[in-house]
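The structure file model-v8.txt is reproduced below (compact mmCIF, C-alpha atoms).
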# COMPACT_ATOMS: atom_id res chain seq x y z
CA MET H 331 -29.72 -53.71 116.72
CA GLU H 332 -29.66 -49.96 116.45
CA GLU H 333 -27.55 -47.32 114.77
CA LYS H 334 -25.23 -46.16 117.51
CA PRO H 335 -21.49 -45.55 118.03
CA ILE H 336 -19.59 -48.35 119.70
CA SER H 337 -16.29 -48.86 121.49
CA GLN H 338 -13.32 -50.61 119.84
CA GLN H 339 -13.84 -53.73 121.95
CA GLU H 340 -17.53 -53.84 121.06
CA SER H 341 -16.62 -53.48 117.38
CA LEU H 342 -14.29 -56.44 117.51
CA LEU H 343 -16.84 -58.57 119.35
CA LEU H 344 -19.55 -57.62 116.87
CA ILE H 345 -17.33 -58.53 113.88
CA GLN H 346 -16.57 -61.92 115.45
CA GLN H 347 -20.25 -62.59 116.20
CA MET H 348 -21.44 -61.69 112.71
CA ILE H 349 -18.70 -63.66 110.93
CA GLN H 350 -19.57 -66.63 113.15
CA THR H 351 -23.24 -66.21 112.23
CA ALA H 352 -22.44 -66.16 108.51
CA LYS H 353 -20.15 -69.18 108.87
CA ARG H 354 -23.11 -71.23 110.12
CA GLU H 355 -24.57 -70.90 106.61
CA GLN H 356 -21.71 -73.05 105.39
CA LYS H 357 -22.39 -75.97 107.71
CA ASP H 358 -23.79 -79.18 106.24
CA ASP H 359 -26.24 -81.20 108.31
CA GLY H 360 -24.90 -84.43 106.77
CA LYS H 361 -28.39 -85.76 105.91
CA GLY H 362 -27.57 -86.01 102.20
CA TRP H 363 -24.43 -88.05 102.88
CA ILE H 364 -26.35 -90.33 105.26
CA VAL H 365 -29.19 -91.06 102.80
CA TRP H 366 -26.86 -91.49 99.79
CA GLY H 367 -24.36 -93.55 101.84
CA TRP H 368 -26.94 -95.92 103.28
CA MET H 369 -28.57 -96.40 99.87
CA LEU H 370 -25.21 -97.40 98.39
CA PHE H 371 -24.29 -99.53 101.39
CA ILE H 372 -27.59 -101.44 101.44
CA SER H 373 -27.42 -102.01 97.67
CA SER H 374 -23.90 -103.41 98.03
CA VAL H 375 -24.84 -105.71 100.93
CA LEU H 376 -28.02 -106.90 99.17
CA THR H 377 -26.00 -107.60 96.01
CA ILE H 378 -23.49 -109.68 98.04
CA THR H 379 -26.38 -111.59 99.64
CA ASN H 380 -28.04 -112.02 96.26
CA LEU H 381 -24.81 -113.44 94.80
CA HIS H 382 -24.87 -116.07 97.56
CA PHE H 383 -28.52 -117.02 97.45
CA LYS H 384 -29.14 -116.25 93.78
CA TRP H 385 -32.61 -114.75 94.31
CA PHE H 386 -32.50 -112.46 91.29
CA SER H 387 -30.13 -111.47 88.49
CA THR H 388 -26.70 -110.14 89.65
CA TYR H 389 -27.50 -106.42 89.21
CA PHE H 390 -31.12 -106.53 90.37
CA PHE H 391 -30.51 -104.43 93.48
CA TRP H 392 -28.44 -101.90 91.54
CA ASN H 393 -31.34 -101.49 89.13
CA VAL H 394 -33.64 -100.91 92.12
CA PHE H 395 -31.09 -98.41 93.44
CA GLY H 396 -31.07 -96.62 90.06
CA ILE H 397 -34.88 -96.32 90.01
CA ALA H 398 -34.93 -95.10 93.64
CA SER H 399 -32.23 -92.51 92.84
CA ILE H 400 -34.19 -91.20 89.85
CA LEU H 401 -37.37 -90.88 91.97
CA ILE H 402 -35.47 -89.04 94.73
CA PHE H 403 -33.87 -86.76 92.12
CA ILE H 404 -37.30 -85.90 90.65
CA TYR H 405 -38.71 -85.23 94.13
CA GLU H 406 -35.74 -83.06 95.13
CA THR H 407 -35.85 -81.06 91.89
CA THR H 408 -39.61 -80.49 92.17
CA TYR H 409 -39.25 -79.45 95.81
CA PHE H 410 -36.38 -77.09 95.01
CA LEU H 411 -38.20 -75.45 92.08
CA PHE H 412 -41.73 -75.16 93.45
CA VAL H 413 -41.88 -75.64 97.22
CA SER H 414 -38.68 -74.58 98.97
CA LYS H 415 -38.25 -71.10 100.40
CA ARG H 416 -36.34 -68.49 98.46
CA ILE H 417 -32.59 -68.50 98.94
CA LYS H 418 -31.75 -65.74 101.41
CA VAL H 419 -28.01 -65.95 101.23
CA ARG H 420 -25.44 -67.28 98.80
CA THR H 421 -22.00 -68.35 99.87
CA TYR H 422 -18.91 -69.17 97.83
CA THR H 423 -18.93 -72.66 99.33
CA LYS H 424 -22.53 -73.33 98.24
CA ASP H 425 -21.69 -72.17 94.73
CA LEU H 426 -18.69 -74.49 94.65
CA PHE H 427 -20.84 -77.41 95.84
CA GLU H 428 -23.39 -76.83 93.08
CA LYS H 429 -20.63 -77.14 90.47
CA LEU H 430 -19.02 -80.07 92.29
CA ASN H 431 -22.32 -81.96 92.50
CA ALA H 432 -23.02 -81.35 88.81
CA GLY H 433 -19.56 -82.65 87.90
CA PHE H 434 -19.99 -85.63 90.21
CA PHE H 435 -23.31 -86.71 88.69
CA ILE H 436 -22.05 -86.27 85.12
CA SER H 437 -19.02 -88.45 85.94
CA LEU H 438 -21.26 -90.92 87.77
CA MET H 439 -23.51 -91.26 84.72
CA PHE H 440 -20.42 -91.55 82.51
CA ILE H 441 -19.13 -94.54 84.49
CA ILE H 442 -22.59 -96.17 84.71
CA VAL H 443 -22.98 -95.89 80.92
CA ALA H 444 -19.46 -97.30 80.51
CA ILE H 445 -20.36 -100.30 82.71
CA ASN H 446 -23.46 -100.89 80.58
CA THR H 447 -21.53 -100.67 77.33
CA GLY H 448 -18.59 -102.97 77.88
CA VAL H 449 -16.41 -101.85 80.81
CA PRO H 450 -16.25 -104.80 83.28
CA PRO H 451 -18.41 -104.03 86.36
CA THR H 452 -15.52 -105.05 88.65
CA LYS H 453 -13.42 -102.19 87.20
CA GLY H 454 -16.40 -99.85 86.82
CA PHE H 455 -17.27 -100.06 90.52
CA ALA H 456 -13.61 -99.47 91.45
CA LEU H 457 -13.80 -96.27 89.39
CA LEU H 458 -17.05 -95.33 91.15
CA ILE H 459 -15.37 -95.73 94.56
CA SER H 460 -12.54 -93.48 93.35
CA LEU H 461 -15.09 -90.90 92.19
CA TYR H 462 -16.83 -90.94 95.60
CA ALA H 463 -13.44 -90.38 97.26
CA PHE H 464 -12.72 -87.38 95.02
CA TRP H 465 -16.10 -85.79 95.81
CA ILE H 466 -15.73 -86.47 99.54
CA LEU H 467 -12.23 -84.96 99.63
CA ILE H 468 -13.27 -81.70 97.94
CA TYR H 469 -16.47 -81.41 99.98
CA GLY H 470 -14.69 -82.19 103.23
CA SER H 471 -11.83 -79.79 102.48
CA ALA H 472 -14.18 -76.94 101.55
CA LEU H 473 -16.08 -77.42 104.81
CA ASN H 474 -12.85 -77.97 106.73
CA PHE H 475 -14.44 -81.19 108.01
CA LYS H 476 -11.69 -83.62 108.99
CA PRO H 477 -13.80 -86.84 109.17
CA SER H 478 -14.63 -86.42 105.46
CA VAL H 479 -11.02 -85.73 104.49
CA VAL H 480 -9.84 -88.83 106.36
CA GLY H 481 -12.83 -90.78 105.00
CA ALA H 482 -11.89 -89.80 101.44
CA TYR H 483 -8.43 -91.33 101.73
CA ILE H 484 -9.84 -94.50 103.31
CA THR H 485 -12.39 -94.72 100.47
CA TRP H 486 -9.57 -94.37 97.94
CA ALA H 487 -7.71 -97.20 99.64
CA PHE H 488 -10.74 -99.46 99.22
CA GLY H 489 -11.04 -98.28 95.62
CA ILE H 490 -7.45 -99.32 94.88
CA VAL H 491 -8.02 -102.73 96.45
CA ALA H 492 -11.25 -103.09 94.44
CA LEU H 493 -9.29 -102.49 91.26
CA PHE H 494 -7.22 -105.64 91.85
CA VAL H 495 -9.65 -108.10 93.43
CA LYS H 496 -10.92 -110.83 91.15
CA THR H 497 -14.55 -111.40 92.07
CA PHE H 498 -17.52 -109.04 91.86
CA GLU H 499 -18.51 -110.10 95.36
CA LEU H 500 -15.24 -108.75 96.79
CA VAL H 501 -15.63 -105.55 94.79
CA MET H 502 -19.04 -105.14 96.46
CA VAL H 503 -17.42 -105.64 99.87
CA MET H 504 -14.88 -102.89 99.05
CA HIS H 505 -17.71 -100.69 97.77
CA ALA H 506 -19.71 -101.17 100.98
CA LEU H 507 -16.66 -100.42 103.15
CA GLY H 508 -15.76 -97.40 101.02
CA VAL H 509 -19.19 -95.78 101.41
CA LEU H 510 -19.26 -96.70 105.10
CA PHE H 511 -16.04 -94.76 105.79
CA GLY H 512 -16.57 -92.09 103.13
CA TYR H 513 -20.23 -91.17 103.51
CA ILE H 514 -21.98 -92.89 106.40
CA ILE H 515 -19.59 -92.33 109.31
CA PRO H 516 -18.67 -88.69 108.39
CA GLY H 517 -22.37 -88.05 107.63
CA HIS H 518 -23.46 -89.14 111.09
CA ILE H 519 -20.65 -87.13 112.72
CA ALA H 520 -21.68 -84.05 110.69
CA TYR H 521 -25.34 -84.56 111.64
CA LYS H 522 -24.45 -84.86 115.33
CA GLU H 523 -22.32 -81.68 115.18
CA PHE H 524 -25.02 -79.81 113.28
CA ARG H 525 -27.67 -80.76 115.86
CA LYS H 526 -25.34 -79.67 118.66
CA LEU H 527 -24.77 -76.31 116.97
CA HIS H 528 -28.50 -75.90 116.35
CA ARG H 529 -29.30 -76.58 120.03
CA LYS H 530 -26.63 -74.03 121.02
CA GLU H 531 -28.19 -71.43 118.71
CA MET H 532 -31.64 -72.10 120.14
CA ALA H 533 -30.28 -71.72 123.67
CA GLU H 534 -28.70 -68.38 122.70
CA ILE H 535 -32.03 -67.12 121.30
CA VAL H 536 -33.95 -68.18 124.47
CA MET Q 726 -0.18 -41.81 116.14
CA PHE Q 727 -3.28 -43.83 115.39
CA LYS Q 728 -5.31 -43.66 112.25
CA GLU Q 729 -8.95 -42.62 112.50
CA LEU Q 730 -11.46 -45.44 112.44
CA ASP Q 731 -13.61 -45.23 109.30
CA PRO Q 732 -16.76 -43.39 110.48
CA ILE Q 733 -18.87 -45.21 107.88
CA LEU Q 734 -17.97 -48.56 109.44
CA HIS Q 735 -17.68 -47.49 113.04
CA SER Q 736 -21.34 -47.83 113.89
CA GLN Q 737 -23.09 -50.91 115.20
CA LEU Q 738 -25.54 -51.74 112.44
CA ARG Q 739 -23.37 -50.82 109.45
CA LEU Q 740 -20.46 -52.81 110.88
CA ALA Q 741 -22.74 -55.81 111.48
CA VAL Q 742 -23.96 -55.67 107.86
CA MET Q 743 -20.41 -55.45 106.52
CA SER Q 744 -19.24 -58.31 108.77
CA LEU Q 745 -22.02 -60.52 107.44
CA LEU Q 746 -21.44 -59.56 103.82
CA ILE Q 747 -17.69 -60.12 103.97
CA SER Q 748 -18.32 -63.77 104.84
CA VAL Q 749 -20.82 -64.58 102.07
CA LYS Q 750 -21.14 -64.01 98.34
CA GLU Q 751 -24.41 -62.07 98.57
CA ALA Q 752 -27.32 -61.80 100.96
CA GLU Q 753 -30.93 -60.76 100.74
CA PHE Q 754 -32.26 -57.85 102.76
CA THR Q 755 -34.44 -60.25 104.78
CA TYR Q 756 -31.38 -62.27 105.78
CA LEU Q 757 -29.55 -59.16 107.01
CA LYS Q 758 -32.66 -58.03 108.88
CA GLU Q 759 -33.03 -61.43 110.53
CA LYS Q 760 -29.40 -61.69 111.60
CA THR Q 761 -29.00 -58.12 112.85
CA ASN Q 762 -32.44 -57.88 114.50
CA ALA Q 763 -32.75 -54.38 113.03
CA THR Q 764 -35.97 -52.72 111.90
CA ALA Q 765 -36.56 -52.64 108.15
CA GLY Q 766 -36.53 -48.83 108.08
CA ASN Q 767 -33.29 -48.44 109.98
CA LEU Q 768 -31.58 -51.19 108.00
CA SER Q 769 -32.64 -49.58 104.71
CA VAL Q 770 -31.11 -46.25 105.77
CA GLN Q 771 -27.81 -47.86 106.82
CA ILE Q 772 -27.62 -49.97 103.65
CA GLN Q 773 -28.12 -46.81 101.63
CA LYS Q 774 -25.20 -45.17 103.47
CA LEU Q 775 -22.95 -48.14 102.75
CA ARG Q 776 -24.05 -48.07 99.14
CA ASP Q 777 -23.35 -44.34 98.84
CA ALA Q 778 -19.86 -44.96 100.22
CA GLY Q 779 -19.34 -47.56 97.50
CA TYR Q 780 -18.85 -50.34 100.07
CA ILE Q 781 -21.72 -52.50 98.88
CA ASP Q 782 -23.73 -53.13 95.73
CA VAL Q 783 -27.48 -53.28 96.06
CA ALA Q 784 -29.60 -55.03 93.42
CA LYS Q 785 -33.37 -54.74 93.46
CA GLN Q 786 -35.62 -57.05 91.47
CA PHE Q 787 -38.99 -58.77 91.58
CA LYS Q 788 -39.16 -62.49 92.25
CA ASP Q 789 -42.52 -64.33 92.35
CA ASN Q 790 -44.24 -60.91 92.52
CA TYR Q 791 -42.29 -59.94 95.64
CA PRO Q 792 -39.59 -57.27 95.73
CA GLN Q 793 -36.18 -58.72 96.44
CA THR Q 794 -33.17 -56.68 97.53
CA THR Q 795 -29.79 -58.34 97.39
CA CYS Q 796 -26.60 -56.88 98.85
CA LYS Q 797 -23.03 -57.70 97.96
CA ILE Q 798 -19.77 -56.29 99.28
CA THR Q 799 -17.57 -54.47 96.74
CA THR Q 800 -13.78 -54.53 96.41
CA LYS Q 801 -13.70 -51.04 97.92
CA GLY Q 802 -15.82 -52.38 100.78
CA VAL Q 803 -13.46 -55.31 101.37
CA ASP Q 804 -10.46 -52.95 101.44
CA ALA Q 805 -12.22 -50.57 103.83
CA PHE Q 806 -13.23 -53.44 106.10
CA GLU Q 807 -9.71 -54.86 106.19
CA LEU Q 808 -8.26 -51.45 106.99
CA TYR Q 809 -10.89 -50.94 109.69
CA VAL Q 810 -9.95 -54.25 111.36
CA LYS Q 811 -6.24 -53.38 111.12
CA VAL Q 812 -6.72 -49.96 112.74
CA LEU Q 813 -9.04 -51.51 115.33
CA ASN Q 814 -6.34 -53.99 116.29
CA GLU Q 815 -3.82 -51.15 116.66
CA TYR Q 816 -6.19 -49.37 119.06
CA ILE Q 817 -6.83 -52.48 121.11
CA ASN Q 818 -3.19 -53.55 121.27
CA ARG Q 819 -1.72 -50.13 122.14
Encoding of this model in structure tokens:
Amino acid sequence: MEEKPISQQESLLLIQQMIQTAKREQKDDGKGWIVWGWMLFISSVLTITNLHFKWFSTYFFWNVFGIASILIFIYETTYFLFVSKRIKVRTYTKDLFEKLNAGFFISLMFIIVAINTGVPPTKGFALLISLYAFWILIYGSALNFKPSVVGAYITWAFGIVALFVKTFELVMVMHALGVLFGYIIPGHIAYKEFRKLHRKEMAEIV
Amino acid sequence: MFKELDPILHSQLRLAVMSLLISVKEAEFTYLKEKTNATAGNLSVQIQKLRDAGYIDVAKQFKDNYPQTTCKITTKGVDAFELYVKVLNEYINR
């Protein structure tokens, strides 16, 4: 691009192109939702299976999930601080997500501690489902991503049901369904859309 | 009677920079260079013009021993951009 005068039509086209370019910075590839969603889903399903076959203690797979989450968190933090490229652009959406994620993990820890200090796990997991739904709704709304917004309300519905079911096994079923509709399905849709957009960009460059 | 289009904005590279900056919170010089496909020298000159007009803020600092220039649109810049788009629409729709 050079420094040259342009016509009114060219100006309008240029503004549209550049705003579209900047908007791409605000797209999420959905990978985070997919990994987090599948981890939660598999832990729920393994816990249901474990309750049937009684291989280990009831919360064995949630303890494994906790250790795996801590290891991933350490890896991600190390990568972010020492390996990843410098941030070239900051958007208002990214800033909002940083705060939202911080709030989410503080609340997550709060509920986990509550479960470990007396709150019944059946109620604790119902609260966790509700927390996921809250996060998904804000994230989806900020990205204007309808599958997440719809997924959030479905997740809340499962959370409400989980609050009233009697057995931990059923709570785990609600938990698995909640993360399936809240994280996994929207995550895969977002990933597919992101790949499509990426391919389009590559085609434009070539 | 049509208003004059802002001469500071009515040029390809400066308008591209402003259009990018209006959509984000702040952007590094390298990002603007990458997205506009401009040369570093030309982009520096145009950024300086936008800065002199008070349309953008430019912060220079060192990060990991490398110079880092960050640009951010100002309130005056947002107003000027909005007015530019409004006048542009009047021209196109006349």
Original post:
Using only C-alpha atoms, which residues sit within 9 Å of range 448-465 of chain H once same-chain residues fewer than 6 positions away are excluded, as a PyMOL selection string?
Top reply: chain H and resi 430-431+434+437-438+441-442+479+481-502+504-505+508-509+512-513
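Relative to CA of Asp359 in chain H, CA of Ala520 in chain H is found at 5.9 Å.
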Subject >> Best match for closeness to chain Q among H:Leu411, H:Ala444, H:Ile372, H:Leu527, counting all atoms listed in the file >> reply: H:Leu411
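Rounded to one decimal, CA of Phe754 in chain Q and CA of Tyr780 in chain Q lie 15.6 Å from each other.
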**OP:** Compile the residues of chain H that lie within 9 Å of chain Q, evaluated using all atoms listed in the file, and express the compilation as JSON, numbers by chain.
**Re:** {"H": [331, 332, 333, 334, 335, 336, 337, 338, 339, 340, 341, 342, 344, 345, 346, 347, 348, 349, 350, 351, 352, 353, 355, 417, 418, 419, 420, 421, 422, 423, 425]}
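From CA of Ser478 in chain H back to CA of Thr379 in chain H, the distance works out to 28.4 Å.
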